[in-house]
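Note: the block below is data_36.cif and it holds mmCIF, C-alpha atoms; chains and numbers go by the auth columns.
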data_run
#
loop_
_atom_site.group_PDB
_atom_site.id
_atom_site.type_symbol
_atom_site.label_atom_id
_atom_site.label_comp_id
_atom_site.label_asym_id
_atom_site.label_seq_id
_atom_site.Cartn_x
_atom_site.Cartn_y
_atom_site.Cartn_z
_atom_site.B_iso_or_equiv
_atom_site.auth_seq_id
_atom_site.auth_asym_id
ATOM 1 C CA MET A 1 -31.063 2.877 43.282 0.00 1 A
ATOM 2 C CA MET A 2 -29.085 5.854 41.977 0.00 2 A
ATOM 3 C CA GLN A 3 -28.017 3.835 38.955 0.00 3 A
ATOM 4 C CA GLU A 4 -31.703 3.476 38.078 0.00 4 A
ATOM 5 C CA VAL A 5 -32.147 7.266 38.442 0.00 5 A
ATOM 6 C CA PHE A 6 -29.247 7.928 36.063 0.00 6 A
ATOM 7 C CA THR A 7 -30.658 5.435 33.562 0.00 7 A
ATOM 8 C CA LYS A 8 -34.007 7.218 33.713 0.00 8 A
ATOM 9 C CA LEU A 9 -32.343 10.615 33.298 0.00 9 A
ATOM 10 C CA ARG A 10 -30.410 9.479 30.228 0.00 10 A
ATOM 11 C CA THR A 11 -33.600 8.124 28.666 0.00 11 A
ATOM 12 C CA LEU A 12 -35.477 11.251 29.674 0.00 12 A
ATOM 13 C CA GLN A 13 -32.734 13.368 28.132 0.00 13 A
ATOM 14 C CA ASP A 14 -33.440 11.895 24.696 0.00 14 A
ATOM 15 C CA ILE A 15 -37.169 12.455 25.096 0.00 15 A
ATOM 16 C CA LEU A 16 -36.844 16.028 26.368 0.00 16 A
ATOM 17 C CA SER A 17 -34.267 16.918 23.721 0.00 17 A
ATOM 18 C CA ARG A 18 -36.633 15.792 20.952 0.00 18 A
ATOM 19 C CA LYS A 19 -39.577 17.431 22.684 0.00 19 A
ATOM 20 C CA PHE A 20 -37.861 20.820 23.017 0.00 20 A
ATOM 21 C CA GLU A 21 -36.628 20.613 19.449 0.00 21 A
ATOM 22 C CA ILE A 22 -40.180 20.056 18.201 0.00 22 A
ATOM 23 C CA GLU A 23 -41.451 22.930 20.353 0.00 23 A
ATOM 24 C CA ARG A 24 -38.774 25.225 18.897 0.00 24 A
ATOM 25 C CA ASP A 25 -39.724 24.136 15.384 0.00 25 A
ATOM 26 C CA MET A 26 -43.400 24.829 16.100 0.00 26 A
ATOM 27 C CA LYS A 27 -42.477 28.377 17.127 0.00 27 A
ATOM 28 C CA GLU A 28 -40.235 28.923 14.101 0.00 28 A
ATOM 29 C CA ILE A 29 -42.545 27.464 11.430 0.00 29 A
ATOM 30 C CA PRO A 30 -45.101 30.341 11.434 0.00 30 A
ATOM 31 C CA LYS A 31 -42.296 32.926 11.119 0.00 31 A
ATOM 32 C CA ILE A 32 -41.872 32.019 7.449 0.00 32 A
ATOM 33 C CA LEU A 33 -45.548 32.798 6.910 0.00 33 A
ATOM 34 C CA THR A 34 -45.230 36.056 8.847 0.00 34 A
ATOM 35 C CA THR A 35 -42.405 37.150 6.529 0.00 35 A
ATOM 36 C CA LYS A 36 -44.511 36.372 3.455 0.00 36 A
ATOM 37 C CA ILE A 37 -47.499 38.271 4.873 0.00 37 A
ATOM 38 C CA GLU A 38 -45.300 41.292 5.633 0.00 38 A
ATOM 39 C CA LEU A 39 -44.033 41.225 2.052 0.00 39 A
ATOM 40 C CA LEU A 40 -47.611 41.002 0.764 0.00 40 A
ATOM 41 C CA ASN A 41 -48.643 43.987 2.895 0.00 41 A
ATOM 42 C CA ARG A 42 -45.721 46.019 1.542 0.00 42 A
ATOM 43 C CA LEU A 43 -46.676 45.089 -2.019 0.00 43 A
ATOM 44 C CA LYS A 44 -50.290 46.089 -1.410 0.00 44 A
ATOM 45 C CA LYS A 45 -49.267 49.418 0.115 0.00 45 A
ATOM 46 C CA SER A 46 -46.970 50.092 -2.833 0.00 46 A
ATOM 47 C CA TYR A 47 -49.794 49.119 -5.190 0.00 47 A
ATOM 48 C CA LEU A 48 -52.206 51.561 -3.527 0.00 48 A
ATOM 49 C CA ASP A 49 -49.606 54.347 -3.516 0.00 49 A
ATOM 50 C CA LYS A 50 -48.865 53.843 -7.209 0.00 50 A
ATOM 51 C CA ASN A 51 -52.562 53.709 -8.002 0.00 51 A
ATOM 52 C CA GLY A 52 -52.843 57.130 -6.397 0.00 52 A
ATOM 53 C CA GLU A 53 -49.890 58.369 -8.453 0.00 53 A
ATOM 54 C CA ILE A 54 -51.538 57.046 -11.626 0.00 54 A
ATOM 55 C CA THR A 55 -54.743 58.918 -10.775 0.00 55 A
ATOM 56 C CA LEU A 56 -52.763 62.130 -10.315 0.00 56 A
ATOM 57 C CA LYS A 57 -50.905 61.503 -13.573 0.00 57 A
ATOM 58 C CA LYS A 58 -54.192 61.000 -15.449 0.00 58 A
ATOM 59 C CA ASP A 59 -55.490 64.263 -14.005 0.00 59 A
ATOM 60 C CA ARG A 60 -52.298 65.995 -15.128 0.00 60 A
ATOM 61 C CA ILE A 61 -52.661 64.571 -18.668 0.00 61 A
ATOM 62 C CA LYS A 62 -56.279 65.693 -18.782 0.00 62 A
ATOM 63 C CA GLU A 63 -55.233 69.190 -17.736 0.00 63 A
ATOM 64 C CA ILE A 64 -52.503 69.365 -20.429 0.00 64 A
ATOM 65 C CA ARG A 65 -54.900 68.035 -23.078 0.00 65 A
ATOM 66 C CA ASN A 66 -57.460 70.724 -22.200 0.00 66 A
ATOM 67 C CA LYS A 67 -54.800 73.436 -22.364 0.00 67 A
ATOM 68 C CA MET A 68 -53.616 72.083 -25.713 0.00 68 A
ATOM 69 C CA LEU A 69 -57.185 72.096 -27.014 0.00 69 A
ATOM 70 C CA GLN A 70 -57.572 75.707 -25.917 0.00 70 A
ATOM 71 C CA ALA A 71 -54.311 76.644 -27.668 0.00 71 A
ATOM 72 C CA GLU A 72 -55.502 74.874 -30.814 0.00 72 A
ATOM 73 C CA MET A 73 -58.843 76.686 -30.734 0.00 73 A
ATOM 74 C CA GLU A 74 -57.049 79.967 -30.180 0.00 74 A
ATOM 75 C CA ARG A 75 -54.787 79.342 -33.154 0.00 75 A
ATOM 76 C CA ASP A 76 -57.769 78.425 -35.326 0.00 76 A
ATOM 77 C CA LYS A 77 -59.514 81.626 -34.271 0.00 77 A
ATOM 78 C CA TYR A 78 -56.525 83.760 -35.246 0.00 78 A
ATOM 79 C CA GLU A 79 -56.128 81.911 -38.545 0.00 79 A
ATOM 80 C CA GLN A 80 -59.784 82.582 -39.407 0.00 80 A
ATOM 81 C CA GLN A 81 -59.294 86.269 -38.643 0.00 81 A
ATOM 82 C CA MET A 82 -56.568 86.344 -41.292 0.00 82 A
ATOM 83 C CA ASP A 83 -59.299 86.311 -43.948 0.00 83 A
ATOM 84 C CA HIS A 84 -60.423 89.730 -42.739 0.00 84 A
ATOM 85 C CA VAL A 85 -57.031 91.441 -42.398 0.00 85 A
ATOM 86 C CA LYS A 86 -56.882 94.807 -44.153 0.00 86 A
ATOM 87 C CA THR A 87 -53.565 96.273 -43.083 0.00 87 A
ATOM 88 C CA GLN A 88 -49.980 95.136 -42.705 0.00 88 A
ATOM 89 C CA ARG A 89 -50.064 95.978 -39.014 0.00 89 A
ATOM 90 C CA GLU A 90 -53.126 93.773 -38.491 0.00 90 A
ATOM 91 C CA TYR A 91 -51.427 90.973 -40.415 0.00 91 A
ATOM 92 C CA GLU A 92 -48.243 91.163 -38.344 0.00 92 A
ATOM 93 C CA ALA A 93 -50.213 91.245 -35.082 0.00 93 A
ATOM 94 C CA LEU A 94 -52.299 88.225 -36.046 0.00 94 A
ATOM 95 C CA ASP A 95 -49.258 86.352 -37.366 0.00 95 A
ATOM 96 C CA LYS A 96 -47.556 86.895 -34.018 0.00 96 A
ATOM 97 C CA GLU A 97 -50.605 85.584 -32.161 0.00 97 A
ATOM 98 C CA ILE A 98 -50.801 82.542 -34.464 0.00 98 A
ATOM 99 C CA LYS A 99 -47.133 81.735 -33.957 0.00 99 A
ATOM 100 C CA GLY A 100 -47.477 82.130 -30.179 0.00 100 A
ATOM 101 C CA ALA A 101 -50.534 79.853 -30.075 0.00 101 A
ATOM 102 C CA SER A 102 -48.805 77.308 -32.340 0.00 102 A
ATOM 103 C CA GLU A 103 -45.700 77.260 -30.155 0.00 103 A
ATOM 104 C CA LYS A 104 -47.824 76.843 -27.062 0.00 104 A
ATOM 105 C CA GLU A 105 -49.797 74.053 -28.726 0.00 105 A
ATOM 106 C CA SER A 106 -46.578 72.308 -29.808 0.00 106 A
ATOM 107 C CA GLU A 107 -45.048 72.640 -26.353 0.00 107 A
ATOM 108 C CA LEU A 108 -48.181 71.225 -24.725 0.00 108 A
ATOM 109 C CA ARG A 109 -48.283 68.366 -27.241 0.00 109 A
ATOM 110 C CA ASN A 110 -44.695 67.439 -26.377 0.00 110 A
ATOM 111 C CA GLN A 111 -45.568 67.628 -22.711 0.00 111 A
ATOM 112 C CA LEU A 112 -48.582 65.438 -23.293 0.00 112 A
ATOM 113 C CA GLN A 113 -46.554 62.805 -25.131 0.00 113 A
ATOM 114 C CA LYS A 114 -43.985 62.674 -22.321 0.00 114 A
ATOM 115 C CA GLU A 115 -46.659 62.396 -19.635 0.00 115 A
ATOM 116 C CA GLU A 116 -48.519 59.699 -21.572 0.00 116 A
ATOM 117 C CA LYS A 117 -45.297 57.704 -21.930 0.00 117 A
ATOM 118 C CA ILE A 118 -44.664 57.996 -18.192 0.00 118 A
ATOM 119 C CA LEU A 119 -48.259 56.903 -17.529 0.00 119 A
ATOM 120 C CA GLU A 120 -47.803 53.908 -19.797 0.00 120 A
ATOM 121 C CA GLU A 121 -44.710 52.825 -17.823 0.00 121 A
ATOM 122 C CA MET A 122 -46.539 53.378 -14.520 0.00 122 A
ATOM 123 C CA VAL A 123 -49.454 51.227 -15.652 0.00 123 A
ATOM 124 C CA SER A 124 -47.061 48.515 -16.830 0.00 124 A
ATOM 125 C CA ASN A 125 -45.265 48.565 -13.464 0.00 125 A
ATOM 126 C CA ILE A 126 -48.461 48.383 -11.463 0.00 126 A
ATOM 127 C CA GLU A 127 -49.684 45.488 -13.582 0.00 127 A
ATOM 128 C CA ARG A 128 -46.481 43.637 -12.687 0.00 128 A
ATOM 129 C CA GLU A 129 -47.051 44.423 -9.028 0.00 129 A
ATOM 130 C CA GLU A 130 -50.618 43.170 -9.297 0.00 130 A
ATOM 131 C CA THR A 131 -49.263 39.880 -10.691 0.00 131 A
ATOM 132 C CA MET A 132 -46.750 39.710 -7.833 0.00 132 A
ATOM 133 C CA ILE A 133 -49.516 40.301 -5.297 0.00 133 A
ATOM 134 C CA LYS A 134 -51.619 37.483 -6.716 0.00 134 A
ATOM 135 C CA LYS A 135 -48.608 35.179 -6.720 0.00 135 A
ATOM 136 C CA GLN A 136 -47.772 36.105 -3.137 0.00 136 A
ATOM 137 C CA GLU A 137 -51.364 35.495 -2.064 0.00 137 A
ATOM 138 C CA GLU A 138 -51.240 32.038 -3.648 0.00 138 A
ATOM 139 C CA GLU A 139 -47.934 31.285 -1.920 0.00 139 A
ATOM 140 C CA ILE A 140 -49.385 32.368 1.423 0.00 140 A
ATOM 141 C CA LYS A 141 -52.416 30.177 0.923 0.00 141 A
ATOM 142 C CA THR A 142 -50.175 27.195 0.106 0.00 142 A
ATOM 143 C CA GLU A 143 -47.891 28.010 3.055 0.00 143 A
ATOM 144 C CA GLN A 144 -50.852 28.226 5.438 0.00 144 A
ATOM 145 C CA SER A 145 -52.009 24.783 4.341 0.00 145 A
ATOM 146 C CA ARG A 146 -48.493 23.345 4.702 0.00 146 A
ATOM 147 C CA ILE A 147 -48.018 24.894 8.138 0.00 147 A
ATOM 148 C CA LYS A 148 -51.373 23.604 9.330 0.00 148 A
ATOM 149 C CA HIS A 149 -50.446 20.068 8.288 0.00 149 A
ATOM 150 C CA GLU A 150 -46.913 20.283 9.691 0.00 150 A
ATOM 151 C CA LEU A 151 -48.087 21.660 13.038 0.00 151 A
ATOM 152 C CA LYS A 152 -50.681 18.918 13.242 0.00 152 A
ATOM 153 C CA GLU A 153 -48.032 16.243 12.694 0.00 153 A
ATOM 154 C CA LYS A 154 -45.628 17.802 15.178 0.00 154 A
ATOM 155 C CA THR A 155 -48.406 18.077 17.765 0.00 155 A
ATOM 156 C CA LYS A 156 -48.953 14.327 17.432 0.00 156 A
ATOM 157 C CA LEU A 157 -45.225 13.692 17.921 0.00 157 A
ATOM 158 C CA LEU A 158 -45.208 16.015 20.924 0.00 158 A
ATOM 159 C CA LYS A 159 -48.111 14.197 22.581 0.00 159 A
ATOM 160 C CA ASN A 160 -46.392 10.844 22.055 0.00 160 A
ATOM 161 C CA LEU A 161 -43.198 12.181 23.629 0.00 161 A
ATOM 162 C CA GLU A 162 -45.151 13.598 26.567 0.00 162 A
ATOM 163 C CA LYS A 163 -46.705 10.168 27.115 0.00 163 A
ATOM 164 C CA GLU A 164 -43.232 8.634 27.162 0.00 164 A
ATOM 165 C CA GLU A 165 -42.114 11.344 29.562 0.00 165 A
ATOM 166 C CA THR A 166 -44.925 10.596 32.031 0.00 166 A
ATOM 167 C CA LYS A 167 -43.847 6.947 32.108 0.00 167 A
ATOM 168 C CA ILE A 168 -40.309 7.880 33.188 0.00 168 A
ATOM 169 C CA THR A 169 -40.711 10.852 35.548 0.00 169 A
ATOM 170 C CA PRO A 170 -42.624 9.164 38.421 0.00 170 A
ATOM 171 C CA GLY A 171 -40.256 8.683 41.358 0.00 171 A
ATOM 172 C CA LEU A 172 -37.794 11.330 40.204 0.00 172 A
ATOM 173 C CA ASP A 173 -37.200 14.351 42.425 0.00 173 A
ATOM 174 C CA GLU A 174 -39.241 17.339 41.121 0.00 174 A
ATOM 175 C CA GLU A 175 -36.506 19.868 41.847 0.00 175 A
ATOM 176 C CA ILE A 176 -33.961 17.728 39.992 0.00 176 A
ATOM 177 C CA LEU A 177 -36.388 17.392 37.069 0.00 177 A
ATOM 178 C CA PHE A 178 -36.907 21.157 36.971 0.00 178 A
ATOM 179 C CA LYS A 179 -33.142 21.809 36.881 0.00 179 A
ATOM 180 C CA PHE A 180 -32.617 18.984 34.396 0.00 180 A
ATOM 181 C CA GLU A 181 -35.161 20.421 31.936 0.00 181 A
ATOM 182 C CA ARG A 182 -33.588 23.881 32.174 0.00 182 A
ATOM 183 C CA ILE A 183 -30.130 22.423 31.547 0.00 183 A
ATOM 184 C CA ILE A 184 -31.286 20.518 28.463 0.00 184 A
ATOM 185 C CA LYS A 185 -32.968 23.644 27.071 0.00 185 A
ATOM 186 C CA SER A 186 -29.865 25.767 27.574 0.00 186 A
ATOM 187 C CA LYS A 187 -27.207 23.161 26.718 0.00 187 A
ATOM 188 C CA SER A 188 -28.214 22.033 23.229 0.00 188 A
ATOM 189 C CA GLY A 189 -30.213 19.031 24.430 0.00 189 A
ATOM 190 C CA VAL A 190 -27.451 17.580 26.645 0.00 190 A
ATOM 191 C CA GLY A 191 -28.189 17.629 30.369 0.00 191 A
ATOM 192 C CA ILE A 192 -26.376 14.568 31.695 0.00 192 A
ATOM 193 C CA VAL A 193 -22.820 13.586 30.730 0.00 193 A
ATOM 194 C CA PRO A 194 -20.158 11.166 31.959 0.00 194 A
ATOM 195 C CA ILE A 195 -16.868 11.989 33.579 0.00 195 A
ATOM 196 C CA LEU A 196 -13.971 10.489 31.606 0.00 196 A
ATOM 197 C CA ASN A 197 -10.437 10.601 32.966 0.00 197 A
ATOM 198 C CA GLY A 198 -11.519 13.210 35.506 0.00 198 A
ATOM 199 C CA ILE A 199 -12.926 15.529 32.842 0.00 199 A
ATOM 200 C CA CYS A 200 -16.516 16.681 32.354 0.00 200 A
ATOM 201 C CA THR A 201 -17.320 15.653 28.771 0.00 201 A
ATOM 202 C CA GLY A 202 -19.885 18.430 28.579 0.00 202 A
ATOM 203 C CA CYS A 203 -17.540 21.400 28.981 0.00 203 A
ATOM 204 C CA HIS A 204 -14.053 19.775 29.227 0.00 204 A
ATOM 205 C CA MET A 205 -13.455 21.106 32.697 0.00 205 A
ATOM 206 C CA ILE A 206 -10.883 19.133 34.697 0.00 206 A
ATOM 207 C CA LEU A 207 -12.482 18.070 37.979 0.00 207 A
ATOM 208 C CA THR A 208 -10.681 17.404 41.225 0.00 208 A
ATOM 209 C CA SER A 209 -10.021 13.828 42.248 0.00 209 A
ATOM 210 C CA GLN A 210 -12.291 14.273 45.255 0.00 210 A
ATOM 211 C CA TYR A 211 -15.140 15.568 43.102 0.00 211 A
ATOM 212 C CA THR A 212 -14.678 12.701 40.633 0.00 212 A
ATOM 213 C CA ASN A 213 -14.720 10.167 43.485 0.00 213 A
ATOM 214 C CA ASP A 214 -17.897 11.745 44.902 0.00 214 A
ATOM 215 C CA VAL A 215 -19.574 11.342 41.523 0.00 215 A
ATOM 216 C CA ARG A 216 -18.324 7.759 41.302 0.00 216 A
ATOM 217 C CA LEU A 217 -19.998 6.871 44.614 0.00 217 A
ATOM 218 C CA LEU A 218 -23.446 7.285 43.011 0.00 218 A
ATOM 219 C CA ASP A 219 -25.013 8.297 46.317 0.00 219 A
ATOM 220 C CA ARG A 220 -26.488 11.618 45.104 0.00 220 A
ATOM 221 C CA ILE A 221 -27.039 13.770 42.025 0.00 221 A
ATOM 222 C CA MET A 222 -24.049 15.986 41.357 0.00 222 A
ATOM 223 C CA PHE A 223 -23.732 18.810 38.853 0.00 223 A
ATOM 224 C CA CYS A 224 -20.673 20.054 36.999 0.00 224 A
ATOM 225 C CA PRO A 225 -19.507 23.221 38.794 0.00 225 A
ATOM 226 C CA ASN A 226 -18.801 24.836 35.419 0.00 226 A
ATOM 227 C CA CYS A 227 -21.559 23.877 32.948 0.00 227 A
ATOM 228 C CA SER A 228 -24.201 22.704 35.486 0.00 228 A
ATOM 229 C CA ARG A 229 -24.830 19.393 33.689 0.00 229 A
ATOM 230 C CA ILE A 230 -25.580 16.315 35.762 0.00 230 A
ATOM 231 C CA LEU A 231 -22.515 14.080 36.024 0.00 231 A
ATOM 232 C CA PHE A 232 -22.143 10.318 36.231 0.00 232 A
ATOM 233 C CA TYR A 233 -19.036 8.174 36.293 0.00 233 A
ATOM 234 C CA GLN A 234 -18.355 5.805 33.458 0.00 234 A
ATOM 235 C CA GLU A 235 -15.175 3.909 32.758 0.00 235 A
ATOM 236 C CA ASP A 236 -13.700 2.884 29.400 0.00 236 A
ATOM 237 C CA GLU A 237 -16.486 4.320 27.281 0.00 237 A
ATOM 238 C CA VAL A 238 -16.072 6.948 24.589 0.00 238 A
ATOM 239 C CA GLU A 239 -18.893 9.424 24.596 0.00 239 A
ATOM 240 C CA THR A 240 -19.642 12.171 22.076 0.00 240 A
ATOM 241 C CA VAL A 241 -18.380 15.381 23.621 0.00 241 A
ATOM 242 C CA ALA A 242 -21.095 18.006 23.960 0.00 242 A
ATOM 243 C CA LYS A 243 -20.322 21.436 22.763 0.00 243 A
#

Written as structure tokens, that's how I'd like the structure from this file.
Amino acid sequence: MMQEVFTKLRTLQDILSRKFEIERDMKEIPKILTTKIELLNRLKKSYLDKNGEITLKKDRIKEIRNKMLQAEMERDKYEQQMDHVKTQREYEALDKEIKGASEKESELRNQLQKEEKILEEMVSNIEREETMIKKQEEEIKTEQSRIKHELKEKTKLLKNLEKEETKITPGLDEEILFKFERIIKSKSGVGIVPILNGICTGCHMILTSQYTNDVRLLDRIMFCPNCSRILFYQEDEVETVAK
């Protein structure tokens, strides 16, 4: 009777291990998409911020251009007044005004050229970001389609495993099943292991002779006192040691 229970548990272990692995995958799969969406949101925020900076830069250029135009008009006005100069003093005064206006105009023109160059670089950068945003949006769209398909396939696998599970679990103690599922989840998919040479092959703990003999009797479910895995006795068989 107990031998049948252990056989069921070993079969169930394979099913539950695959089932939990699929469930973990289904939780992890959307995280890739979440990362891509977060990146897209950061790109869009940066794009909006830089658009605002470009607007301010254009306003600044417009302001400099207007000031330069005023300086140019002022210089022209002084130059026209030169035709009506009658004294040396008037000439010197006008010449000073013309030079001042010319210097101001030249300074503003240099400023304008620098600001226009900066604007050109800003526009170039934002165009690159716009391309990145479009690319990221396309990647997200593709990723969403892939995830939808992958989740659909994994859901099918999960349902098939659950059907297999329902064929095995009838007749098994519910409390044992509850503990067994928790063990498999926490012990890398291994919930039942053999004792070999008095050692639990799940955690390598050396068990007492009495404990080993109790397990060998197969009259009840016994758990490893160290790793909590279900134990069964098996002679002359090499098992993969769980880590």

**Q.** Residues in the PyMOL selection byres ((chain A and resi 199-201) around 12), expressed as JSON, numbers by chain
**A.** {"A": [190, 191, 192, 193, 194, 195, 196, 197, 198, 202, 203, 204, 205, 206, 207, 208, 209, 211, 212, 215, 222, 223, 224, 225, 226, 227, 228, 229, 230, 231, 232, 233, 234, 235, 237, 238, 239, 240, 241, 242, 243]}

Take the residues just selected and output them with C-alpha atoms as a compact mmCIF listing (two decimals), in the coordinates of the input.
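File part_37.txt, as written:
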# COMPACT_ATOMS: atom_id res chain seq x y z
CA VAL A 190 -27.45 17.58 26.64
CA GLY A 191 -28.19 17.63 30.37
CA ILE A 192 -26.38 14.57 31.70
CA VAL A 193 -22.82 13.59 30.73
CA PRO A 194 -20.16 11.17 31.96
CA ILE A 195 -16.87 11.99 33.58
CA LEU A 196 -13.97 10.49 31.61
CA ASN A 197 -10.44 10.60 32.97
CA GLY A 198 -11.52 13.21 35.51
CA GLY A 202 -19.89 18.43 28.58
CA CYS A 203 -17.54 21.40 28.98
CA HIS A 204 -14.05 19.77 29.23
CA MET A 205 -13.46 21.11 32.70
CA ILE A 206 -10.88 19.13 34.70
CA LEU A 207 -12.48 18.07 37.98
CA THR A 208 -10.68 17.40 41.22
CA SER A 209 -10.02 13.83 42.25
CA TYR A 211 -15.14 15.57 43.10
CA THR A 212 -14.68 12.70 40.63
CA VAL A 215 -19.57 11.34 41.52
CA MET A 222 -24.05 15.99 41.36
CA PHE A 223 -23.73 18.81 38.85
CA CYS A 224 -20.67 20.05 37.00
CA PRO A 225 -19.51 23.22 38.79
CA ASN A 226 -18.80 24.84 35.42
CA CYS A 227 -21.56 23.88 32.95
CA SER A 228 -24.20 22.70 35.49
CA ARG A 229 -24.83 19.39 33.69
CA ILE A 230 -25.58 16.32 35.76
CA LEU A 231 -22.52 14.08 36.02
CA PHE A 232 -22.14 10.32 36.23
CA TYR A 233 -19.04 8.17 36.29
CA GLN A 234 -18.36 5.80 33.46
CA GLU A 235 -15.18 3.91 32.76
CA GLU A 237 -16.49 4.32 27.28
CA VAL A 238 -16.07 6.95 24.59
CA GLU A 239 -18.89 9.42 24.60
CA THR A 240 -19.64 12.17 22.08
CA VAL A 241 -18.38 15.38 23.62
CA ALA A 242 -21.10 18.01 23.96
CA LYS A 243 -20.32 21.44 22.76

So that I can check the surroundings of stretch 74-83 of chain A, please list as a compact mmCIF listing (two decimals) with C-alpha atoms, keeping the file's coordinate frame every protein, DNA and RNA residue that reaches within 9 Å of it, counting only C-alpha atoms and ignoring chain neighbours fewer than 2 positions away.
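The resulting out.txt:
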# COMPACT_ATOMS: atom_id res chain seq x y z
CA LEU A 69 -57.18 72.10 -27.01
CA GLN A 70 -57.57 75.71 -25.92
CA ALA A 71 -54.31 76.64 -27.67
CA GLU A 72 -55.50 74.87 -30.81
CA VAL A 85 -57.03 91.44 -42.40
CA LYS A 86 -56.88 94.81 -44.15
CA GLU A 90 -53.13 93.77 -38.49
CA TYR A 91 -51.43 90.97 -40.42
CA LEU A 94 -52.30 88.22 -36.05
CA ASP A 95 -49.26 86.35 -37.37
CA GLU A 97 -50.60 85.58 -32.16
CA ILE A 98 -50.80 82.54 -34.46
CA LYS A 99 -47.13 81.74 -33.96
CA GLY A 100 -47.48 82.13 -30.18
CA ALA A 101 -50.53 79.85 -30.08
CA SER A 102 -48.80 77.31 -32.34
CA GLU A 105 -49.80 74.05 -28.73

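Across the model, the gap from atom CA of A:Leu108 to atom CA of A:Met68 is 5.6 Å.
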
Q) Near stretch 129-136 of chain A, within 10 Å and counting all atoms listed in the file, which residues show up once chain neighbours fewer than 4 positions away are dropped, as a list in words? A) Lys36, Ile37, Leu39, Leu40, Asn41, Arg42, Leu43, Lys44, Ser46, Tyr47, Lys50, Val123, Ser124, Asn125, Ile140, Lys141 and Thr142 of chain A

Q: Rank A:Ile184, A:Ala93, A:Leu217, A:Ile168 by their smallest atom-to-atom distance to A:Lys8, using all atoms listed in the file, and report the top residue only.
A: A:Ile168

Please identify all polymer residues within 8 Å of stretch 9-25 of chain A, counting all atoms listed in the file, omitting same-chain residues fewer than 3 positions from it, and present them as a JSON list (two decimals) with C-alpha atoms, in the coordinates of the input.
[["chain", "number", "residue", "atom", "x", "y", "z"],
["A", 5, "VAL", "CA", -32.15, 7.27, 38.44],
["A", 6, "PHE", "CA", -29.25, 7.93, 36.06],
["A", 28, "GLU", "CA", -40.24, 28.92, 14.10],
["A", 29, "ILE", "CA", -42.54, 27.46, 11.43],
["A", 154, "LYS", "CA", -45.63, 17.80, 15.18],
["A", 158, "LEU", "CA", -45.21, 16.02, 20.92],
["A", 161, "LEU", "CA", -43.20, 12.18, 23.63],
["A", 162, "GLU", "CA", -45.15, 13.60, 26.57],
["A", 164, "GLU", "CA", -43.23, 8.63, 27.16],
["A", 165, "GLU", "CA", -42.11, 11.34, 29.56],
["A", 168, "ILE", "CA", -40.31, 7.88, 33.19],
["A", 169, "THR", "CA", -40.71, 10.85, 35.55],
["A", 181, "GLU", "CA", -35.16, 20.42, 31.94],
["A", 184, "ILE", "CA", -31.29, 20.52, 28.46],
["A", 185, "LYS", "CA", -32.97, 23.64, 27.07],
["A", 188, "SER", "CA", -28.21, 22.03, 23.23],
["A", 189, "GLY", "CA", -30.21, 19.03, 24.43],
["A", 190, "VAL", "CA", -27.45, 17.58, 26.64],
["A", 191, "GLY", "CA", -28.19, 17.63, 30.37],
["A", 192, "ILE", "CA", -26.38, 14.57, 31.70]]

Q | Which of A:Leu218, A:Ile183, A:Leu119, A:Ile54 sits closest to A:Glu4 [using only C-alpha atoms] | A | A:Leu218

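Atom CA of A:Asn51 lies 24.5 Å from atom CA of A:Lys67.
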
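Taking atom CA of A:Ile64 and atom CA of A:Leu112 as endpoints, the distance between them is 6.2 Å.
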
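Using all atoms listed in the file, the shortest contact distance between A:Ile221 and any of A:Met1, A:Pro30, A:Lys104, A:Arg128 is found at A:Met1.
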